[in-house]
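Source file entry21.txt; content: compact mmCIF, C-alpha atoms.
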# COMPACT_ATOMS: atom_id res chain seq x y z
CA MET J 13 64.90 -43.94 -55.79
CA PRO J 14 62.81 -47.14 -55.58
CA LEU J 15 64.17 -49.85 -53.41
CA ASN J 16 64.78 -53.28 -54.84
CA HIS J 17 62.88 -55.72 -52.65
CA SER J 18 63.82 -59.30 -53.17
CA PRO J 19 61.93 -62.21 -51.63
CA PRO J 20 63.66 -64.11 -48.88
CA LYS J 21 65.74 -67.03 -49.88
CA THR J 22 64.09 -70.40 -49.84
CA PRO J 23 65.48 -72.43 -47.00
CA ILE J 24 67.43 -75.53 -47.98
CA MET J 25 65.51 -78.58 -47.07
CA THR J 26 67.46 -81.67 -45.97
CA LYS J 27 66.23 -85.16 -45.74
CA GLN J 28 66.34 -86.77 -42.35
CA THR J 29 65.38 -90.23 -41.49
CA ILE J 30 62.61 -89.97 -38.96
CA PRO J 31 61.52 -93.07 -37.26
CA THR J 32 57.90 -93.83 -37.86
CA THR J 33 55.46 -96.09 -36.28
CA ALA J 34 53.06 -98.40 -37.87
CA ASN J 35 50.26 -95.98 -37.25
CA ASP J 36 52.02 -93.05 -38.72
CA ALA J 37 51.11 -92.18 -42.21
CA PRO J 38 53.16 -89.95 -44.44
CA VAL J 39 51.84 -86.48 -44.95
CA SER J 40 52.91 -84.45 -47.93
CA SER J 41 54.05 -80.93 -47.24
CA GLY J 42 53.75 -79.65 -50.74
CA GLU J 43 56.10 -79.31 -53.68
CA THR J 44 59.20 -79.25 -51.52
CA GLY J 45 59.14 -83.03 -51.31
CA ARG J 46 59.10 -83.01 -47.53
CA PHE J 47 57.08 -85.71 -45.86
CA ILE J 48 55.89 -85.46 -42.26
CA THR J 49 54.09 -88.14 -40.42
CA ALA J 50 51.01 -87.52 -38.31
CA SER J 51 52.98 -87.91 -35.12
CA GLN J 52 55.52 -85.43 -36.37
CA SER J 53 52.78 -82.96 -37.22
CA ALA J 54 51.69 -82.90 -33.61
CA GLY J 55 55.18 -82.14 -32.45
CA LEU J 56 56.07 -79.86 -35.33
CA VAL J 57 56.94 -77.04 -33.02
CA SER J 58 60.01 -78.37 -31.16
CA ASP J 59 63.46 -77.39 -30.23
CA SER J 60 65.06 -79.09 -33.25
CA PRO J 61 67.22 -76.71 -35.21
CA LEU J 62 65.92 -78.14 -38.42
CA GLN J 63 62.29 -77.50 -37.44
CA GLN J 64 62.81 -74.03 -35.92
CA GLN J 65 63.55 -72.35 -39.20
CA HIS J 66 62.57 -68.68 -39.16
CA TYR J 67 61.94 -66.38 -42.02
CA ASP J 68 62.77 -62.72 -42.01
CA SER J 69 59.11 -61.69 -42.47
CA GLU J 70 57.72 -64.25 -39.99
CA PRO J 71 56.78 -62.86 -36.52
CA ASP J 72 58.29 -64.39 -33.44
CA LEU J 73 55.10 -65.85 -31.93
CA ARG J 74 56.85 -67.88 -29.30
CA SER J 75 58.45 -64.85 -27.71
CA ALA J 76 55.12 -62.99 -27.89
CA LEU J 77 53.18 -65.84 -26.30
CA SER J 78 55.65 -66.06 -23.48
CA HIS J 79 54.49 -62.67 -22.16
CA ILE J 80 50.75 -63.56 -22.16
CA THR J 81 49.33 -64.74 -18.82
CA GLU J 82 45.98 -66.36 -18.22
CA ARG J 83 43.50 -64.59 -15.90
CA LYS J 84 42.26 -66.87 -13.23
CA LYS J 85 38.69 -66.23 -12.14
CA ARG J 86 37.83 -66.39 -8.49
CA LYS J 87 35.26 -68.92 -7.67
CA HIS J 88 32.32 -67.66 -5.60
CA ASP J 89 30.60 -69.60 -2.96
CA GLY J 90 26.87 -70.00 -3.62
CA GLY J 91 25.94 -69.52 0.05
CA GLU J 92 27.56 -66.11 0.27
CA ASP J 93 25.65 -64.95 -2.84
CA LEU J 94 22.34 -66.02 -1.36
CA ASN J 95 23.13 -64.27 1.93
CA MET J 96 24.05 -61.06 0.12
CA MET J 97 20.86 -61.18 -1.97
CA SER J 98 18.72 -61.61 1.13
CA GLN J 99 20.45 -58.65 2.80
CA ILE J 100 19.85 -56.49 -0.28
CA LYS J 101 16.18 -57.54 -0.33
CA ASP J 102 15.81 -56.69 3.35
CA MET J 103 17.47 -53.35 2.75
CA PHE J 104 15.09 -52.53 -0.09
CA CYS J 105 12.09 -53.65 1.98
CA ARG J 106 13.06 -51.36 4.86
CA PHE J 107 13.73 -48.51 2.47
CA SER J 108 10.35 -49.06 0.79
CA GLN J 109 8.56 -49.06 4.15
CA GLU J 110 10.27 -45.85 5.22
CA GLN J 111 9.41 -44.23 1.92
CA GLU J 112 5.78 -45.28 2.26
CA LYS J 113 5.63 -43.81 5.77
CA ARG J 114 7.19 -40.58 4.57
CA PHE J 115 4.85 -40.45 1.61
CA GLU J 116 1.82 -40.96 3.87
CA SER J 117 3.04 -38.23 6.22
CA LEU J 118 3.69 -35.91 3.30
CA HIS J 119 0.27 -36.69 1.83
CA THR J 120 -1.38 -35.88 5.16
CA SER J 121 0.54 -32.60 5.43
CA VAL J 122 -0.39 -31.65 1.87
CA ASN J 123 -4.07 -32.33 2.57
CA THR J 124 -3.92 -30.24 5.75
CA ILE J 125 -2.24 -27.37 3.90
CA LYS J 126 -4.82 -27.64 1.15
CA GLU J 127 -7.68 -27.42 3.65
CA GLN J 128 -6.07 -24.42 5.32
CA ASN J 129 -5.54 -22.81 1.94
CA ASP J 130 -9.20 -23.34 1.08
CA GLU J 131 -10.24 -21.73 4.37
CA LEU J 132 -7.90 -18.80 3.79
CA THR J 133 -9.24 -18.39 0.28
CA LYS J 134 -12.80 -18.29 1.60
CA SER J 135 -11.80 -15.79 4.29
CA VAL J 136 -10.02 -13.55 1.78
CA ASP J 137 -12.99 -13.69 -0.56
CA PHE J 138 -15.33 -12.80 2.29
CA MET J 139 -13.10 -9.92 3.43
CA SER J 140 -12.77 -8.66 -0.12
CA LYS J 141 -16.51 -8.74 -0.60
CA THR J 142 -17.08 -7.03 2.75
CA TYR J 143 -14.44 -4.41 1.92
CA ASP J 144 -16.12 -3.67 -1.40
CA GLU J 145 -19.45 -3.29 0.39
CA PHE J 146 -17.90 -0.95 2.96
CA VAL J 147 -16.24 1.14 0.26
CA SER J 148 -19.50 1.40 -1.64
CA ARG J 149 -21.37 2.30 1.53
CA ILE J 150 -18.79 4.92 2.52
CA GLN J 151 -18.95 6.48 -0.93
CA GLN J 152 -22.72 6.59 -0.68
CA LEU J 153 -22.55 8.16 2.78
CA GLU J 154 -20.01 10.72 1.57
CA SER J 155 -22.29 11.65 -1.28
CA GLU J 156 -25.25 11.91 1.08
CA ARG J 157 -23.19 13.97 3.51
CA LYS J 158 -22.26 16.43 0.77
CA ASP J 159 -25.89 16.69 -0.27
CA ASP J 160 -26.99 17.13 3.34
CA LYS J 161 -24.31 19.76 3.90
CA LYS J 162 -25.51 21.70 0.88
CA TYR J 163 -29.11 21.39 2.03
CA ILE J 164 -28.18 22.50 5.59
CA GLN J 165 -26.31 25.47 4.20
CA LEU J 166 -29.35 26.37 2.11
CA LEU J 167 -31.59 26.16 5.18
CA GLU J 168 -29.18 28.26 7.23
CA ASP J 169 -29.14 30.89 4.51
CA ARG J 170 -32.94 30.94 4.46
CA VAL J 171 -33.14 31.26 8.24
CA GLU J 172 -30.49 33.98 8.15
CA SER J 173 -32.46 35.85 5.49
CA LEU J 174 -35.66 35.63 7.53
CA GLU J 175 -33.90 36.87 10.66
CA ARG J 176 -32.38 39.76 8.74
CA ARG J 177 -35.80 40.76 7.46
CA ASN J 178 -37.25 40.64 10.95
CA ARG J 179 -34.42 42.79 12.28
CA ALA J 180 -34.15 45.11 9.31
CA SER J 181 -36.09 47.82 11.17
CA GLY J 182 -34.44 47.21 14.54
CA ILE J 183 -31.55 48.95 16.25
CA GLU J 184 -29.39 48.18 19.28
CA ILE J 185 -28.51 50.74 21.92
CA ARG J 186 -25.71 49.34 24.01
CA ASN J 187 -24.20 50.36 27.36
CA VAL J 188 -27.42 51.90 28.73
CA PRO J 189 -27.53 51.65 32.55
CA LYS J 190 -30.57 50.52 34.43
CA THR J 191 -33.01 53.15 35.67
CA THR J 192 -34.52 50.97 38.43
CA PRO J 193 -32.99 49.26 41.44
CA GLU J 194 -31.72 45.70 41.29
CA ARG J 195 -34.29 42.94 40.74
CA VAL J 196 -36.90 45.52 39.74
CA PRO J 197 -38.07 44.98 36.15
CA GLU J 198 -37.97 47.95 33.82
CA SER J 199 -41.18 48.92 32.02
CA LYS J 200 -41.66 49.29 28.28
CA GLU J 201 -42.64 52.94 28.76
CA GLU J 202 -39.25 53.72 30.28
CA PHE J 203 -37.51 52.07 27.32
CA CYS J 204 -39.65 54.05 24.87
CA LYS J 205 -38.76 57.24 26.68
CA LEU J 206 -35.05 56.50 26.36
CA VAL J 207 -35.44 55.77 22.64
CA LYS J 208 -37.30 59.03 22.01
CA SER J 209 -34.61 60.94 23.94
CA MET J 210 -32.00 59.36 21.69
CA GLY J 211 -34.02 60.46 18.65
CA THR J 212 -34.22 63.99 19.94
CA THR J 213 -30.42 64.07 20.37
CA LEU J 214 -29.98 62.79 16.81
CA LYS J 215 -32.68 65.17 15.55
CA ILE J 216 -34.98 62.31 14.60
CA LYS J 217 -38.61 62.50 15.55
CA ILE J 218 -39.75 59.19 17.02
CA GLU J 219 -43.36 58.52 18.07
CA ASP J 220 -44.65 55.72 20.28
CA SER J 221 -46.33 54.18 17.24
CA ASP J 222 -42.94 53.87 15.53
CA ILE J 223 -41.69 51.57 18.26
CA LYS J 224 -43.06 48.09 17.70
CA ASP J 225 -41.13 46.38 20.50
CA VAL J 226 -38.32 47.25 22.88
CA TYR J 227 -36.48 45.13 25.46
CA ARG J 228 -33.13 44.86 27.24
CA LEU J 229 -30.39 42.38 26.31
CA SER J 230 -27.50 41.30 28.46
CA GLY J 231 -24.18 42.84 27.55
CA LYS J 232 -20.97 44.40 28.79
CA ASP J 233 -20.78 47.78 30.50
CA PHE J 234 -18.33 50.48 29.41
CA THR J 235 -17.73 53.34 31.83
CA LYS J 236 -15.07 55.29 29.91
CA PRO J 237 -16.55 58.73 29.16
CA GLN J 238 -16.49 60.06 25.61
CA ASN J 239 -17.54 63.26 23.87
CA LYS J 240 -19.88 61.26 21.64
CA ILE J 241 -23.34 59.99 22.50
CA ASN J 242 -23.55 59.11 26.17
CA THR J 243 -26.07 58.57 28.87
CA THR J 244 -26.60 62.33 29.42
CA HIS J 245 -28.17 62.51 25.97
CA LEU J 246 -30.78 60.02 27.16
CA GLY J 247 -31.76 62.20 30.10
CA LEU J 248 -30.06 59.97 32.68
CA LEU J 249 -28.45 61.66 35.66
CA ASN J 250 -26.10 58.81 36.37
CA PRO J 251 -22.37 59.24 35.69
CA SER J 252 -21.79 59.73 32.00
CA ARG J 253 -20.96 56.61 29.97
CA PRO J 254 -20.80 56.10 26.22
CA VAL J 255 -23.80 54.76 24.35
CA TYR J 256 -23.47 52.75 21.10
CA VAL J 257 -26.17 52.52 18.50
CA SER J 258 -26.12 49.88 15.75
CA GLU J 259 -28.54 47.83 13.72
CA ALA J 260 -29.82 44.59 15.20
CA LEU J 261 -27.81 41.66 13.81
CA THR J 262 -28.45 37.94 13.86
CA SER J 263 -26.17 35.67 15.88
CA LYS J 264 -24.43 34.56 12.68
CA SER J 265 -23.98 38.15 11.50
CA GLN J 266 -22.63 39.19 14.90
CA LYS J 267 -20.00 36.46 14.81
CA LEU J 268 -19.08 37.33 11.24
CA TYR J 269 -18.89 41.01 12.12
CA TYR J 270 -16.56 40.21 15.03
CA LEU J 271 -14.25 38.15 12.79
CA ALA J 272 -14.29 40.89 10.14
CA ARG J 273 -13.22 43.54 12.64
CA ASN J 274 -10.32 41.34 13.79
CA PHE J 275 -9.36 40.86 10.15
CA GLN J 276 -9.51 44.61 9.65
CA LYS J 277 -7.07 45.26 12.49
CA VAL J 278 -4.59 42.59 11.48
CA ASN J 279 -4.58 43.40 7.75
CA GLU J 280 -4.84 47.19 8.14
CA TYR J 281 -8.20 47.72 6.46
CA SER J 282 -9.60 51.19 6.91
CA PHE J 283 -13.34 50.45 7.21
CA CYS J 284 -15.58 47.66 8.50
CA TRP J 285 -19.36 48.13 8.90
CA THR J 286 -22.73 46.47 8.50
CA SER J 287 -25.72 47.43 6.39
CA ARG J 288 -29.04 45.58 6.54
CA GLY J 289 -27.42 42.69 8.33
CA ILE J 290 -24.53 42.28 5.83
CA VAL J 291 -20.88 42.88 6.75
CA TYR J 292 -18.63 44.99 4.49
CA LEU J 293 -14.92 45.77 4.35
CA ARG J 294 -12.96 48.47 2.52
CA LYS J 295 -9.19 48.72 2.27
CA GLU J 296 -8.99 52.45 1.56
CA VAL J 297 -11.35 55.30 0.79
CA GLN J 298 -11.13 54.82 -2.97
CA SER J 299 -11.03 51.01 -2.82
CA PRO J 300 -14.10 48.94 -3.76
CA LEU J 301 -16.17 47.57 -0.92
CA ILE J 302 -15.93 43.86 -0.14
CA LYS J 303 -19.06 41.95 0.86
CA ILE J 304 -18.50 39.34 3.58
CA GLU J 305 -21.20 36.69 3.64
CA SER J 306 -19.32 33.83 5.31
CA GLU J 307 -16.00 32.92 6.93
CA ALA J 308 -14.87 31.49 3.59
CA ASP J 309 -14.76 35.04 2.20
CA LEU J 310 -12.30 36.05 4.93
CA ASP J 311 -10.16 32.95 4.22
CA HIS J 312 -10.10 33.91 0.55
CA LEU J 313 -8.90 37.42 1.40
CA ARG J 314 -6.10 35.95 3.54
CA SER J 315 -4.98 33.71 0.69
CA ILE J 316 -4.68 36.55 -1.84
CA LYS J 317 -2.98 38.94 0.56

Could you render the structure as structure tokens?
Amino acid sequence: MPLNHSPPKTPIMTKQTIPTTANDAPVSSGETGRFITASQSAGLVSDSPLQQQHYDSEPDLRSALSHITERKKRKHDGGEDLNMMSQIKDMFCRFSQEQEKRFESLHTSVNTIKEQNDELTKSVDFMSKTYDEFVSRIQQLESERKDDKKYIQLLEDRVESLERRNRASGIEIRNVPKTTPERVPESKEEFCKLVKSMGTTLKIKIEDSDIKDVYRLSGKDFTKPQNKINTTHLGLLNPSRPVYVSEALTSKSQKLYYLARNFQKVNEYSFCWTSRGIVYLRKEVQSPLIKIESEADLDHLRSIK
């Protein structure tokens, strides 16, 4: 429900004789018919009960002003300000000098590091270039080495082929004792006689013209007697000792033949022989023969075992 607001009652004004001076002039206060002199206007706010009329809607300014205090500013001495400013300036000057010194030191260090970095960069570039040259050179040498190795192998094969051809018609008769005393050279005629005696035992007719050359090689002596070919078949009266006959092999073929015989024993191959300077192996009687031309062939057989 709306409230009925009514304006405050108009205070009752009373006339009071106020002494005036000659200089005071009446001042009209409006339609109320109240007259206030100029001197009264200056002292309008007083303790008089007639002048301290208060309305319900009027704020109590006197009580509010009584709680407001004035802030008093402290007065500074001009000499102290100047002294403080000079100290601050000195402080900034010292700080600036220290910063300049530090900056110069840092600048020097940076330049030194830069020079060292440039030197390191040059060294790394030089090492990298040298490394690339070495790598290229090593690759070239490796390629040349492979080519040289192939060429050397080709030459060795040619030499081996020539030696095999020269020894294709030659045989070796091993474990034949000497027929003359020590330090007395044996003659070619004596060697030819021994060869012809061997041919007679083997039922092979050998003439002097069939023997192109004959000579003795150093070797081991075997004195264990056997029922096979021995010195008695050569017409020698010395104690009987076995005699071995084989084709003349080159030094490379002899080494390969020795390795092949060791391989035969270890891996239980039945046969190992040579024919025209070439070494052969056979596992069993019905097995195919295996041609051994180098040590790599033996390594291959070991790998597939």

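The space separating atom CA of J:Lys190 from atom CA of J:Ser258 comes to 19.2 Å.
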
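Put simply, atom CA of J:Leu310 is 7.7 Å away from atom CA of J:Phe275.
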
| field | atom CA of J:Val255 to atom CA of J:Arg228, straight-line distance in Å | value | 13.9 Å

| message | Could you check the closest approach to J:Val188 for each of J:Ser252, J:Gln128, J:Thr142, J:Thr120 and tell me which residue wins, using all atoms listed in the file? | response | J:Ser252

| With all atoms listed in the file as the atoms that count, which of J:Arg176, J:Arg157, J:Lys267, J:Lys134 lies nearest to J:Ser287? | J:Arg176

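Closest approach to J:Gln266 from the set J:Met210, J:Ile290, J:Phe146, J:Ser299 is made by J:Ile290, with distances taken over only C-alpha atoms.
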
| task | For a cut-off of 12 Å around (-21.6, 36.3, 0.6), file coordinates, pick out all residues using only C-alpha atoms and list them as a ChimeraX atom specification. | result | /J:169,172-173,265,268,289-292,302-310,312

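Proximity of J:Val207, J:Leu248, J:Val257, J:Ile150 to J:Asp222, computed with only C-alpha atoms, is greatest for J:Val207.
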